[in-house]
Every structure is written in C-alpha cells, then in structure tokens.
$ cat final_3.csv   # CSV, C-alpha atoms and all ligand atoms
chain,number,residue,atom,x,y,z
A,504,MET,CA,0.0,0.0,0.0
A,505,ASP,CA,1.3,3.5,-0.8
A,506,ALA,CA,1.7,6.0,2.0
A,507,ARG,CA,-1.1,8.3,0.9
A,508,THR,CA,-3.7,5.5,0.9
A,509,PHE,CA,-2.4,4.2,4.2
A,510,TRP,CA,-2.7,7.5,6.0
A,511,GLU,CA,-6.0,8.4,4.3
A,512,GLU,CA,-7.5,5.1,5.5
A,513,THR,CA,-6.0,5.7,9.0
A,514,TYR,CA,-7.7,9.1,9.4
A,515,GLU,CA,-10.9,8.1,7.7
A,516,LYS,CA,-11.4,5.5,10.5
A,517,GLN,CA,-10.9,8.2,13.1
A,518,SER,CA,-13.3,10.9,14.3
A,519,PRO,CA,-12.3,14.5,13.7
A,520,GLN,CA,-12.2,15.0,17.4
A,521,THR,CA,-8.8,16.1,18.9
A,522,SER,CA,-7.4,16.3,22.3
A,523,GLY,CA,-7.2,20.1,22.0
A,524,LYS,CA,-3.7,19.9,23.5
A,525,PRO,CA,-0.3,20.4,21.9
A,526,SER,CA,2.4,17.8,22.1
A,527,ALA,CA,4.1,17.9,25.5
A,528,VAL,CA,7.5,18.5,23.9
A,529,LEU,CA,6.3,21.3,21.7
A,530,GLU,CA,4.9,23.1,24.7
A,531,ARG,CA,8.0,22.5,26.8
A,532,PHE,CA,10.5,23.7,24.3
A,533,VAL,CA,8.6,26.4,22.4
A,534,ALA,CA,6.6,28.2,25.1
A,535,GLY,CA,8.4,31.5,25.8
A,536,ARG,CA,10.5,31.6,22.6
A,537,PRO,CA,10.1,34.6,20.4
A,538,VAL,CA,7.4,33.9,17.9
A,539,GLY,CA,7.8,33.9,14.1
A,540,ARG,CA,7.3,31.5,11.2
A,541,ALA,CA,6.8,27.8,12.0
A,542,LEU,CA,6.8,24.8,9.7
A,543,GLU,CA,5.1,21.7,11.1
A,544,LEU,CA,5.8,18.4,9.4
A,545,GLY,CA,3.1,15.7,9.7
A,546,CYS,CA,0.5,17.9,11.4
A,547,GLY,CA,-2.2,15.3,11.7
A,548,LYS,CA,-5.4,16.8,13.1
A,549,GLY,CA,-3.7,20.1,13.8
A,550,ASP,CA,-3.5,20.5,17.6
A,551,ASP,CA,0.1,21.6,17.5
A,552,ALA,CA,-0.4,24.1,14.6
A,553,VAL,CA,-3.4,25.5,16.5
A,554,TRP,CA,-1.4,25.9,19.7
A,555,LEU,CA,1.4,27.7,17.8
A,556,ALA,CA,-1.0,30.0,16.0
A,557,LYS,CA,-2.8,30.9,19.2
A,558,GLY,CA,0.6,31.8,20.6
A,559,GLY,CA,1.2,34.2,17.7
A,560,TRP,CA,3.1,32.0,15.3
A,561,GLN,CA,2.5,32.1,11.5
A,562,VAL,CA,2.3,28.4,10.7
A,563,THR,CA,2.7,26.3,7.6
A,564,ALA,CA,1.4,22.8,8.5
A,565,VAL,CA,1.7,19.9,6.1
A,566,ASP,CA,0.5,16.3,6.0
A,567,ILE,CA,0.1,13.6,3.4
A,568,SER,CA,-3.5,13.0,4.3
A,569,GLU,CA,-6.2,15.3,3.0
A,570,THR,CA,-8.6,13.8,5.6
A,571,ALA,CA,-6.2,14.8,8.4
A,572,LEU,CA,-5.9,18.2,6.8
A,573,GLY,CA,-9.6,18.6,6.7
A,574,TYR,CA,-9.9,17.8,10.4
A,575,ALA,CA,-7.0,20.2,11.1
A,576,ARG,CA,-8.6,23.1,9.1
A,577,ALA,CA,-11.9,22.6,11.1
A,578,ASN,CA,-9.8,22.6,14.3
A,579,ALA,CA,-8.2,25.9,13.3
A,580,LEU,CA,-11.6,27.4,12.4
A,581,ARG,CA,-13.0,26.3,15.8
A,582,ASN,CA,-10.2,28.1,17.5
A,583,GLY,CA,-10.4,31.2,15.3
A,584,VAL,CA,-6.8,30.9,14.0
A,585,GLN,CA,-7.6,29.8,10.4
A,586,ASP,CA,-5.9,32.9,9.0
A,587,ASN,CA,-2.6,32.1,10.8
A,588,ILE,CA,-2.1,28.6,9.5
A,589,ALA,CA,-1.5,27.6,5.9
A,590,PHE,CA,-2.3,23.9,5.7
A,591,ALA,CA,-0.9,22.0,2.7
A,592,ALA,CA,-0.9,18.5,1.4
A,593,HIS,CA,2.6,17.2,0.8
A,594,ASP,CA,4.1,13.8,0.5
A,595,LEU,CA,7.3,14.8,2.2
A,596,ASP,CA,9.2,12.0,0.4
A,597,THR,CA,8.7,14.1,-2.8
A,598,SER,CA,8.1,17.7,-1.8
A,599,LEU,CA,8.5,20.2,1.1
A,600,PRO,CA,7.0,23.7,1.3
A,601,GLY,CA,9.6,26.4,0.4
A,602,GLY,CA,10.7,29.3,2.7
A,603,THR,CA,12.6,29.8,5.8
A,604,PHE,CA,11.4,29.3,9.4
A,605,ASP,CA,12.1,30.2,13.0
A,606,LEU,CA,10.8,26.8,14.0
A,607,VAL,CA,10.7,23.5,12.2
A,608,THR,CA,8.8,21.0,14.3
A,609,ALA,CA,8.2,17.3,13.6
A,610,GLN,CA,6.3,15.6,16.4
A,611,PHE,CA,6.1,11.8,15.8
A,612,LEU,CA,6.7,12.1,12.1
A,613,GLN,CA,6.7,8.3,11.9
A,614,SER,CA,5.2,5.7,9.7
A,615,PRO,CA,5.0,1.9,9.5
A,616,LEU,CA,5.7,2.4,5.8
A,617,GLU,CA,9.2,3.0,4.5
A,618,PHE,CA,10.0,6.7,3.9
A,619,ALA,CA,13.1,8.8,3.8
A,620,ARG,CA,12.5,10.4,7.2
A,621,ASP,CA,16.0,11.4,8.1
A,622,LYS,CA,16.6,12.8,4.6
A,623,ILE,CA,13.3,14.8,4.9
A,624,LEU,CA,14.3,16.2,8.3
A,625,ASN,CA,17.8,17.1,7.1
A,626,ARG,CA,16.3,19.0,4.2
A,627,ALA,CA,13.8,20.8,6.5
A,628,ALA,CA,16.6,21.6,8.9
A,629,GLN,CA,18.3,23.7,6.1
A,630,GLN,CA,15.2,25.9,6.2
A,631,VAL,CA,15.7,27.0,9.9
A,632,VAL,CA,17.1,30.5,10.2
A,633,THR,CA,19.9,31.6,12.5
A,634,ASN,CA,18.7,31.3,16.1
A,635,GLY,CA,15.7,29.3,14.9
A,636,LEU,CA,14.8,25.9,16.5
A,637,LEU,CA,14.7,22.4,15.0
A,638,LEU,CA,12.5,20.3,17.2
A,639,ILE,CA,12.0,16.6,16.6
A,640,THR,CA,10.3,14.1,18.8
A,641,THR,CA,10.0,10.4,18.2
A,642,HIS,CA,8.8,7.5,20.3
A,643,GLY,CA,11.6,6.2,22.5
A,644,SER,CA,9.7,3.3,24.1
A,645,ARG,CA,6.9,0.9,23.2
A,646,PRO,CA,3.8,1.7,25.3
A,647,SER,CA,1.9,-1.2,26.8
A,648,TRP,CA,-1.0,-0.7,24.4
A,649,SER,CA,1.2,-0.6,21.2
A,650,SER,CA,0.8,-3.2,18.5
A,651,ALA,CA,4.5,-2.8,17.7
A,652,PRO,CA,6.7,-5.9,18.3
A,653,GLU,CA,7.7,-6.3,21.9
A,654,ASP,CA,11.4,-6.6,21.1
A,655,MET,CA,11.4,-3.4,19.1
A,656,VAL,CA,14.7,-1.5,19.6
A,657,PHE,CA,14.7,2.3,19.8
A,658,PRO,CA,17.7,4.4,18.8
A,659,THR,CA,19.3,6.4,21.5
A,660,PRO,CA,18.9,10.2,21.3
A,661,ALA,CA,22.5,10.5,20.1
A,662,GLN,CA,21.9,7.9,17.4
A,663,ALA,CA,18.7,9.6,16.3
A,664,ARG,CA,20.5,12.9,16.1
A,665,ASP,CA,23.5,11.4,14.1
A,666,ALA,CA,21.1,9.7,11.7
A,667,LEU,CA,19.9,13.2,10.6
A,668,GLY,CA,23.4,13.8,9.0
A,669,LEU,CA,23.5,17.4,10.2
A,670,ASP,CA,26.7,19.5,10.2
A,671,MET,CA,26.8,19.9,14.0
A,672,SER,CA,29.2,22.8,13.8
A,673,ARG,CA,26.2,24.8,12.6
A,674,TRP,CA,23.9,23.8,15.5
A,675,LYS,CA,23.8,24.4,19.2
A,676,THR,CA,22.3,21.6,21.3
A,677,VAL,CA,19.3,22.6,23.4
A,678,THR,CA,18.7,19.0,24.2
A,679,VAL,CA,19.3,15.6,22.8
A,680,ASP,CA,17.7,13.3,25.4
A,681,ASN,CA,14.9,11.0,26.5
A,682,PHE,CA,11.9,12.4,28.5
A,683,GLU,CA,9.4,10.2,30.3
A,684,ARG,CA,5.8,11.2,30.6
A,685,MET,CA,2.4,9.7,31.4
A,686,ALA,CA,0.3,9.1,28.3
A,687,THR,CA,-3.2,7.7,27.5
A,688,GLY,CA,-3.7,5.0,24.9
A,689,PRO,CA,-6.6,4.8,22.4
A,690,LYS,CA,-8.8,2.9,24.8
A,691,GLY,CA,-8.0,5.1,27.7
A,692,GLU,CA,-5.1,3.0,29.0
A,693,LYS,CA,-2.6,4.9,31.1
A,694,GLY,CA,1.1,4.3,31.0
A,695,SER,CA,4.5,5.8,31.0
A,696,VAL,CA,6.1,6.5,27.6
A,697,ILE,CA,9.5,7.9,26.6
A,698,ASP,CA,9.9,10.7,24.1
A,699,THR,CA,13.2,11.0,22.3
A,700,VAL,CA,13.8,14.7,21.7
A,701,ILE,CA,16.2,16.5,19.5
A,702,ALA,CA,16.1,20.3,20.0
A,703,LEU,CA,18.8,22.2,18.1
A,704,GLU,CA,19.3,25.9,17.6
A,705,ARG,CA,20.8,27.1,14.3
A,706,ILE,CA,24.0,29.1,14.8
B,1,LIG,C1,2.2,9.4,14.0
B,1,LIG,S1,1.3,10.6,13.2
B,1,LIG,C2,1.7,12.1,14.1
B,1,LIG,C3,0.7,13.2,13.9
B,1,LIG,C4,0.9,14.4,14.8
B,1,LIG,N1,2.2,15.1,14.5
B,1,LIG,C5,0.9,14.0,16.3
B,1,LIG,O1,1.9,14.2,17.0
B,1,LIG,O2,-0.2,13.6,16.7
B,1,LIG,C6,2.3,10.8,11.7
B,1,LIG,C7,1.8,11.9,10.8
B,1,LIG,O3,2.7,12.0,9.7
B,1,LIG,C8,2.0,12.0,8.5
B,1,LIG,N2,2.9,11.4,7.4
B,1,LIG,C9,3.3,10.2,7.4
B,1,LIG,N3,4.1,10.0,6.2
B,1,LIG,C10,4.1,11.2,5.6
B,1,LIG,C11,4.7,11.7,4.4
B,1,LIG,N4,5.4,10.9,3.6
B,1,LIG,N5,4.5,13.0,4.1
B,1,LIG,C12,3.7,13.8,4.9
B,1,LIG,N6,3.1,13.4,6.0
B,1,LIG,C13,3.3,12.1,6.4
B,1,LIG,C14,0.8,11.2,8.7
B,1,LIG,O4,-0.3,11.4,7.9
B,1,LIG,C15,0.5,11.5,10.2
B,1,LIG,O5,-0.4,12.6,10.3

$ encode --input "final_3.csv" --output "structure tokens"
Amino acid sequence: MDARTFWEETYEKQSPQTSGKPSAVLERFVAGRPVGRALELGCGKGDDAVWLAKGGWQVTAVDISETALGYARANALRNGVQDNIAFAAHDLDTSLPGGTFDLVTAQFLQSPLEFARDKILNRAAQQVVTNGLLLITTHGSRPSWSSAPEDMVFPTPAQARDALGLDMSRWKTVTVDNFERMATGPKGEKGSVIDTVIALERI
C-alpha cells in the first residue's frame, strides 16, 4: 500500500475530534520563545499548529492525508486561527514547502511504511534561520497498548541525532535526550512513555 492510501484510511477511521492539547515536547521547548514563522511536518489533526497559531506564530502545517488536513482546518476554524495557518498536502518524500522558518517541528513524524524520514528532516533543517529551532520528537519506548513488536529497539537520542546527518558545527544543542511522561492509549489505558527529543538551535 502506498503512504497516501495508508494515512487516508487511517484518518478516515478516526473521528475529527482532537485532544485540544499540543504535544508535551512542543509546549516544553517552544513556550516562551520569540514567535515567528513555523513549519510543522506531519501535522495530523492540527492541535500543535493551532497551539502555535494561538501563541502568535504564522504556521505552515503539512501532512500527506487530505482527511487529516480537513480535520486540522476545522480545528483551526473552531479556534479562530484559520488565518494564521497555511495547511498544505505534501508527501514529504517528494516535496516540502519552500521558505525559511524560525521553528521547524516534527512531532512523531513516523510511519509503519518506508519513507526517507532522516533525509526529509535534514532537508527541512536547512530551512531553519539563524537562532531558529529544530524540534524533533520520536517514540523512545513501546507503550503497553502498542501493536509494535515487543522486542522493538529504539535508537538512543544521540543515534537519532546522528542519523539526521547534520553538520553539528552549525547547530547548538538545546537538548538531545529522552523524556518520560504519562500518556493515554486509544482505549483510555494509562502508561508511561518515553519521548526521544532532539532540539537544536541554528547558529
Ligand atoms: C504518528 S502521526 C503524528 C501526527 C501528529 N504530529 C501528532 O503528533 O499527533 C504521523 C503523521 O505523519 C503524516 N505522514 C506520514 N508520512 C508522511 C509523508 N510521507 N508526508 C507527509 N506526512 C506524512 C501522517 O499522515 C500523520 O499525520
């Protein structure tokens, strides 16, 4: 199955309802930063884009799924920030929006299908302006409710950073680390999960 069909079918099975909350890592690392232009990769139903726009950011938010983007646009409208977010459909394997950004955020830009994730993130990193932030979060553990194989191995934060292939002389490390938090699964299950976070500032 191709990526677009997979993610369309995934979102078509879901309700448009959202948590109304931003990703924990986004809030932790972006709250209080000077606002500007943000690029969000893999925006899903738009809670992060809406949170950024409510905080004064001008957001470009992209996803491969038109259904997810439809939910995200409705989310922005509900929150009165539709004029501050440009939603766009992109298969990031083949295209990225142009421009430069004070923030590039990719929260769980992950897929069970093959895609050139590290290459995409490296390309998007080149769009971060001086003093801007690159913020990437990936799953660093398998929650109890996950259907992923139990013996799944997660890269360390340093391995995840190195895989991006960035010239680290051009980046200041804000954090490259694992953070534990309590999360809720799709059936309301509670459990601790680990977020692997790469936050780098362009110098
Ligand atoms: C695990 S979800 C995370 C969604 C959201 N960022 C969040 O934290 O809830 C991954 C997202 O990446 C999107 N995605 C996956 N592959 C993509 C691709 N090749 N191009 C653009 N978006 C993609 C999916 O449609 C999905 O919305």

$ closest_atom_pairs --input "final_3.csv" --of "chain A" --to "ligand LIG 1 (chain B)" --cutoff "7 Å" --atoms "all atoms listed in the file" --output "Markdown table"
| residue | atom | partner | partner_atom | distance |
| --- | --- | --- | --- | --- |
| A:Ala506 | CA | B:LIG1 | N3 | 6.3 |
| A:Trp510 | CA | B:LIG1 | O4 | 5.0 |
| A:Ser526 | CA | B:LIG1 | O1 | 6.3 |
| A:Leu544 | CA | B:LIG1 | N6 | 6.6 |
| A:Gly545 | CA | B:LIG1 | O3 | 3.7 |
| A:Cys546 | CA | B:LIG1 | N1 | 4.5 |
| A:Gly547 | CA | B:LIG1 | O5 | 3.5 |
| A:Lys548 | CA | B:LIG1 | C4 | 7.0 |
| A:Val565 | CA | B:LIG1 | C12 | 6.5 |
| A:Asp566 | CA | B:LIG1 | N6 | 3.9 |
| A:Ile567 | CA | B:LIG1 | C12 | 3.9 |
| A:Ser568 | CA | B:LIG1 | O4 | 5.1 |
| A:Ala571 | CA | B:LIG1 | O5 | 6.5 |
| A:His593 | CA | B:LIG1 | C12 | 5.4 |
| A:Asp594 | CA | B:LIG1 | N5 | 3.7 |
| A:Leu595 | CA | B:LIG1 | N5 | 3.8 |
| A:Asp596 | CA | B:LIG1 | N4 | 5.1 |
| A:Ala609 | CA | B:LIG1 | N1 | 6.5 |
| A:Gln610 | CA | B:LIG1 | N1 | 4.5 |
| A:Phe611 | CA | B:LIG1 | C2 | 4.7 |
| A:Leu612 | CA | B:LIG1 | C6 | 4.6 |
| A:Gln613 | CA | B:LIG1 | C6 | 5.1 |
| A:Ser614 | CA | B:LIG1 | C9 | 5.4 |
| A:Phe618 | CA | B:LIG1 | N4 | 6.2 |

$ write_last_selection --input "final_3.csv" --atoms "C-alpha atoms" --output "compact mmCIF listing (two decimals), in the frame of the given file"
# COMPACT_ATOMS: atom_id res chain seq x y z
CA ALA A 506 1.70 6.00 2.00
CA TRP A 510 -2.70 7.50 6.00
CA SER A 526 2.40 17.80 22.10
CA LEU A 544 5.80 18.40 9.40
CA GLY A 545 3.10 15.70 9.70
CA CYS A 546 0.50 17.90 11.40
CA GLY A 547 -2.20 15.30 11.70
CA LYS A 548 -5.40 16.80 13.10
CA VAL A 565 1.70 19.90 6.10
CA ASP A 566 0.50 16.30 6.00
CA ILE A 567 0.10 13.60 3.40
CA SER A 568 -3.50 13.00 4.30
CA ALA A 571 -6.20 14.80 8.40
CA HIS A 593 2.60 17.20 0.80
CA ASP A 594 4.10 13.80 0.50
CA LEU A 595 7.30 14.80 2.20
CA ASP A 596 9.20 12.00 0.40
CA ALA A 609 8.20 17.30 13.60
CA GLN A 610 6.30 15.60 16.40
CA PHE A 611 6.10 11.80 15.80
CA LEU A 612 6.70 12.10 12.10
CA GLN A 613 6.70 8.30 11.90
CA SER A 614 5.20 5.70 9.70
CA PHE A 618 10.00 6.70 3.90

$ residues_around --input "final_3.csv" --residues "Gln520 in chain A" --least-positions-apart "6" --cutoff "12 Å" --atoms "all atoms listed in the file" --output "PyMOL selection string"
chain A and resi 514+547-550+571+573-575+577-578+581

$ closest_residue --input "final_3.csv" --among "A:Leu616, A:Ser647, A:Leu606, A:Gly601" --to "Ala534 in chain A" --atoms "only C-alpha atoms"
A:Leu606

$ atom_distance --input "final_3.csv" --atom1 "CA of Pro600 in chain A" --atom2 "CA of Trp674 in chain A"
22.1 Å

$ residues_around --input "final_3.csv" --residues "Ala627 in chain A" --least-positions-apart "3" --cutoff "8 Å" --atoms "all atoms listed in the file" --output "count of residues only"
6

$ atom_distance --input "final_3.csv" --atom1 "CA of Arg536 in chain A" --atom2 "CA of Asp605 in chain A"
9.8 Å
